[in-house]
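Asker: Provided herewith is a single structure, encoded as C-alpha cells, for subsequent inquiry.
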Amino acid sequence: MSFQRRTITAILCLWSGLFAFLWTGTAAAYGGGTQSERFPTVLSSAQLSALAEQKIEEQLAAVGETRRHELRLARAAARMNLPAGEVTAEVAFPRGLPYDREFPAAFAVYVDGVLHRRASSYYRLTVYDRVLVAMTDIRAEEAISSANARVEERAVDTLPEVTITDFARLDGRVAGRYIRKDTTLTPSLLAMPLVIRAGNPVELILDVNGIVIRAEGAAVESGRIGYTIRVRNVSSGKILRGKVLDEHTVKIIG
C-alpha cells in the first residue's frame, strides 16, 4: 500500500478478534507537518470490516451455528489516519449477534498499546433454516398438522435447538393464539393444549410432609399441564392455587 509516494510493508495478524499492523517502513522525521505526515498510518474501513466479519463467523461457529446465513454491512466505520507505531485493533459486539436485526461492531484501536480511537460498524445477520410455516390461518388451541402447515426455507431468529423444523418438534403443542397464514411457527406462538377448563371438576392433591391428602375441587380458571391455576375446594369453598398435573388432577401449592 502506498502513502504519500512512500511504500510501507504491513503484516496483518488476525487472532480472536484482534489484529496487529507491524510497520516495517522507515519513518521520516515528523514535526508540525501536514496531517498525512503527522498521521502516516492508514487503517482502512475494509480492514476493520474484515476483522469484524471474521469475528462474527468465529462466534457463530462457537455456538454451533452452521445454517446458511448472510451478513450485510449496513454502515461501515470510517477510515482512520493514525500516528506511526504498532497499531492493534479489537472488536466487540455489545448487543450480541441478534438474527435479522441490525447490531453494532465496536472497535477499539491502539497505537503502541495506548487507546487512540473508537469506532463502530453496523451489520445485519440473516440466518436461514427449513421451518414450519402456517399454510392457513390457525385458531388458538388448534392442532398443528400437515393440513395447516408445511416445511419451507425461511429466515429465522431462533437458535437451532429451539427452531421448529418439523412436526416432531412441536412436542404436542398447539397454537397458543391466533396464527395468520404464512407465519413462521416459533415457540412463542405455541402452547401445551388446555386440559382443564374453568368449572371442570378436578381432584385436589396436597402433600404434607409426605402425607398425601386428596379432596374434591373445581377449576376456577382454565389451565395447561404445568400451569398454575386457581381452584376451589368443594367442601370448604376455599380458593387455592395449584399446578395442573393432568386433565383431572391439580397439586395444591398454596
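Ordering of the C-alpha cells sets the chain letters (A, B, ...); residue numbers start at 1 within each chain; ligands are numbered from 1 in the order shown.
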At a cut-off of 6 Å, using only C-alpha atoms, what residues contact range 119-126 of chain A? Leave out same-chain residues fewer than 6 positions from it and give the result as a PyMOL selection string.
Answerer: chain A and resi 69-77+99-107
Asker: Emit the selected residues as a PDB file, in the first residue's frame, including N, CA, C and O atoms.
Answerer:
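Printed below is out.pdb as written:
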ATOM      1  N   HIS A  69     -26.324 -18.576   6.069  1.00  0.00           N
ATOM      2  CA  HIS A  69     -26.573 -17.226   6.571  1.00  0.00           C
ATOM      3  C   HIS A  69     -25.949 -16.178   5.664  1.00  0.00           C
ATOM      4  O   HIS A  69     -25.048 -16.469   4.881  1.00  0.00           O
ATOM      5  N   GLU A  70     -26.461 -14.970   5.784  1.00  0.00           N
ATOM      6  CA  GLU A  70     -25.964 -13.829   5.025  1.00  0.00           C
ATOM      7  C   GLU A  70     -25.631 -12.721   6.009  1.00  0.00           C
ATOM      8  O   GLU A  70     -26.414 -12.429   6.916  1.00  0.00           O
ATOM      9  N   LEU A  71     -24.479 -12.092   5.807  1.00  0.00           N
ATOM     10  CA  LEU A  71     -24.046 -10.987   6.661  1.00  0.00           C
ATOM     11  C   LEU A  71     -23.942  -9.746   5.790  1.00  0.00           C
ATOM     12  O   LEU A  71     -23.192  -9.722   4.824  1.00  0.00           O
ATOM     13  N   ARG A  72     -24.717  -8.718   6.151  1.00  0.00           N
ATOM     14  CA  ARG A  72     -24.729  -7.489   5.360  1.00  0.00           C
ATOM     15  C   ARG A  72     -24.174  -6.337   6.184  1.00  0.00           C
ATOM     16  O   ARG A  72     -24.590  -6.125   7.327  1.00  0.00           O
ATOM     17  N   LEU A  73     -23.236  -5.620   5.612  1.00  0.00           N
ATOM     18  CA  LEU A  73     -22.677  -4.427   6.251  1.00  0.00           C
ATOM     19  C   LEU A  73     -23.625  -3.270   5.980  1.00  0.00           C
ATOM     20  O   LEU A  73     -23.777  -2.821   4.844  1.00  0.00           O
ATOM     21  N   ALA A  74     -24.291  -2.777   7.035  1.00  0.00           N
ATOM     22  CA  ALA A  74     -25.252  -1.684   6.880  1.00  0.00           C
ATOM     23  C   ALA A  74     -24.565  -0.327   6.891  1.00  0.00           C
ATOM     24  O   ALA A  74     -24.876   0.545   6.076  1.00  0.00           O
ATOM     25  N   ARG A  75     -23.632  -0.138   7.830  1.00  0.00           N
ATOM     26  CA  ARG A  75     -22.879   1.112   7.924  1.00  0.00           C
ATOM     27  C   ARG A  75     -21.451   0.786   8.333  1.00  0.00           C
ATOM     28  O   ARG A  75     -21.243   0.125   9.343  1.00  0.00           O
ATOM     29  N   ALA A  76     -20.498   1.240   7.554  1.00  0.00           N
ATOM     30  CA  ALA A  76     -19.096   0.909   7.813  1.00  0.00           C
ATOM     31  C   ALA A  76     -18.423   1.994   8.637  1.00  0.00           C
ATOM     32  O   ALA A  76     -18.763   3.180   8.541  1.00  0.00           O
ATOM     33  N   ALA A  77     -17.461   1.581   9.451  1.00  0.00           N
ATOM     34  CA  ALA A  77     -16.632   2.547  10.173  1.00  0.00           C
ATOM     35  C   ALA A  77     -15.764   3.303   9.174  1.00  0.00           C
ATOM     36  O   ALA A  77     -15.328   2.750   8.160  1.00  0.00           O
ATOM     37  N   TYR A  99     -30.270 -12.212  15.307  1.00  0.00           N
ATOM     38  CA  TYR A  99     -30.626 -12.577  13.950  1.00  0.00           C
ATOM     39  C   TYR A  99     -31.683 -11.620  13.417  1.00  0.00           C
ATOM     40  O   TYR A  99     -32.660 -11.296  14.092  1.00  0.00           O
ATOM     41  N   ASP A 100     -31.477 -11.184  12.191  1.00  0.00           N
ATOM     42  CA  ASP A 100     -32.444 -10.372  11.458  1.00  0.00           C
ATOM     43  C   ASP A 100     -32.707  -9.015  12.106  1.00  0.00           C
ATOM     44  O   ASP A 100     -33.792  -8.457  11.959  1.00  0.00           O
ATOM     45  N   ARG A 101     -31.719  -8.501  12.858  1.00  0.00           N
ATOM     46  CA  ARG A 101     -31.811  -7.150  13.410  1.00  0.00           C
ATOM     47  C   ARG A 101     -30.431  -6.506  13.290  1.00  0.00           C
ATOM     48  O   ARG A 101     -29.409  -7.182  13.391  1.00  0.00           O
ATOM     49  N   GLU A 102     -30.402  -5.200  13.097  1.00  0.00           N
ATOM     50  CA  GLU A 102     -29.133  -4.507  12.973  1.00  0.00           C
ATOM     51  C   GLU A 102     -28.425  -4.457  14.320  1.00  0.00           C
ATOM     52  O   GLU A 102     -29.065  -4.256  15.353  1.00  0.00           O
ATOM     53  N   PHE A 103     -27.108  -4.654  14.319  1.00  0.00           N
ATOM     54  CA  PHE A 103     -26.340  -4.634  15.562  1.00  0.00           C
ATOM     55  C   PHE A 103     -24.975  -4.002  15.306  1.00  0.00           C
ATOM     56  O   PHE A 103     -24.460  -4.031  14.186  1.00  0.00           O
ATOM     57  N   PRO A 104     -24.353  -3.425  16.347  1.00  0.00           N
ATOM     58  CA  PRO A 104     -23.069  -2.761  16.157  1.00  0.00           C
ATOM     59  C   PRO A 104     -21.874  -3.689  16.380  1.00  0.00           C
ATOM     60  O   PRO A 104     -21.926  -4.617  17.192  1.00  0.00           O
ATOM     61  N   ALA A 105     -20.810  -3.393  15.667  1.00  0.00           N
ATOM     62  CA  ALA A 105     -19.484  -3.957  15.947  1.00  0.00           C
ATOM     63  C   ALA A 105     -18.649  -2.780  16.447  1.00  0.00           C
ATOM     64  O   ALA A 105     -18.465  -1.803  15.723  1.00  0.00           O
ATOM     65  N   ALA A 106     -18.183  -2.850  17.684  1.00  0.00           N
ATOM     66  CA  ALA A 106     -17.474  -1.733  18.309  1.00  0.00           C
ATOM     67  C   ALA A 106     -15.970  -1.986  18.266  1.00  0.00           C
ATOM     68  O   ALA A 106     -15.488  -2.995  18.788  1.00  0.00           O
ATOM     69  N   PHE A 107     -15.227  -1.067  17.682  1.00  0.00           N
ATOM     70  CA  PHE A 107     -13.783  -1.200  17.532  1.00  0.00           C
ATOM     71  C   PHE A 107     -13.055  -0.311  18.538  1.00  0.00           C
ATOM     72  O   PHE A 107     -13.470   0.820  18.797  1.00  0.00           O
TER      73      PHE A 107
END
Asker: Run DSSP on the backbone and give me the residues of range 121-169 of chain A it puts in helix (DSSP H, G or I), as a PyMOL selection string.
Answerer: chain A and resi 160-162+167-169
Asker: Filtering to all heavy atoms, could you give me those residues as a compact mmCIF listing (two decimals), in the first residue's frame?
Answerer:
# COMPACT_ATOMS: atom_id res chain seq x y z
N PRO A 160 -30.64 -23.07 16.69
CA PRO A 160 -31.03 -24.37 16.11
C PRO A 160 -31.83 -25.26 17.06
O PRO A 160 -32.78 -25.92 16.63
CB PRO A 160 -29.68 -25.01 15.75
CG PRO A 160 -28.76 -23.87 15.55
CD PRO A 160 -29.19 -22.81 16.53
N GLU A 161 -31.46 -25.26 18.35
CA GLU A 161 -32.12 -26.20 19.26
C GLU A 161 -33.58 -25.88 19.54
O GLU A 161 -34.33 -26.74 20.01
CB GLU A 161 -31.34 -26.28 20.59
CG GLU A 161 -31.21 -24.97 21.34
CD GLU A 161 -29.93 -24.23 20.99
OE1 GLU A 161 -29.39 -24.46 19.89
OE2 GLU A 161 -29.49 -23.42 21.83
N VAL A 162 -34.02 -24.66 19.27
CA VAL A 162 -35.43 -24.31 19.52
C VAL A 162 -36.19 -23.98 18.24
O VAL A 162 -37.37 -23.64 18.30
CB VAL A 162 -35.54 -23.13 20.52
CG1 VAL A 162 -35.02 -23.53 21.88
CG2 VAL A 162 -34.81 -21.90 20.00
N PHE A 167 -42.69 -31.46 12.27
CA PHE A 167 -43.84 -31.67 13.16
C PHE A 167 -43.45 -32.36 14.46
O PHE A 167 -44.07 -32.13 15.50
CB PHE A 167 -44.94 -32.46 12.43
CG PHE A 167 -45.56 -31.71 11.29
CD1 PHE A 167 -45.17 -31.94 9.98
CD2 PHE A 167 -46.52 -30.74 11.52
CE1 PHE A 167 -45.73 -31.24 8.93
CE2 PHE A 167 -47.10 -30.02 10.47
CZ PHE A 167 -46.70 -30.28 9.17
N ALA A 168 -42.40 -33.19 14.41
CA ALA A 168 -41.98 -33.90 15.63
C ALA A 168 -41.52 -32.92 16.71
O ALA A 168 -41.62 -33.22 17.90
CB ALA A 168 -40.87 -34.89 15.29
N ARG A 169 -41.04 -31.75 16.31
CA ARG A 169 -40.51 -30.79 17.29
C ARG A 169 -41.61 -29.94 17.92
O ARG A 169 -41.33 -29.06 18.73
CB ARG A 169 -39.45 -29.90 16.63
CG ARG A 169 -38.27 -30.71 16.11
CD ARG A 169 -37.08 -29.86 15.76
NE ARG A 169 -36.40 -29.37 16.95
CZ ARG A 169 -35.20 -28.79 16.93
NH1 ARG A 169 -34.57 -28.62 15.79
NH2 ARG A 169 -34.64 -28.37 18.04
Asker: Which residues are near range 230-232 of chain A? Cut-off 12 Å, only C-alpha atoms, ignore same chain within fewer than 6 positions. Put them as a ChimeraX atom specification.
Answerer: /A:196-205,215-223,238-244,249-254
Asker: Mind checking DSSP for range 83-207 of chain A and telling me the strand (DSSP E) residues as a PyMOL selection string?
Answerer: chain A and resi 87-92+102-111+114-134+149-156+174-175+190-191+194-196+201-207
Asker: Could you state the separation of CA of Leu132 in chain A and CA of Ile164 in chain A in Å, given to one decimal place?
Answerer: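 Distance between the two atoms: 6.2 Å.
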Asker: Using only C-alpha atoms, which of the listed residues (A:Arg68, A:Val234, A:Ala78, A:Arg224) sits closest to Val156 in chain A?
Answerer: A:Arg68
Asker: Using Å and a single decimal, report how far CA of Gly96 in chain A sits from CA of Leu48 in chain A.
Answerer: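 Atom-to-atom, CA of Leu48 in chain A and CA of Gly96 in chain A are spaced 17.8 Å apart.
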Asker: Return the single residue from A:Arg173, A:Arg139, A:Arg79, A:Arg38 that is closest to Val195 in chain A, with distances computed using only C-alpha atoms.
Answerer: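 For Val195 in chain A, the nearest of the given residues is A:Arg173.
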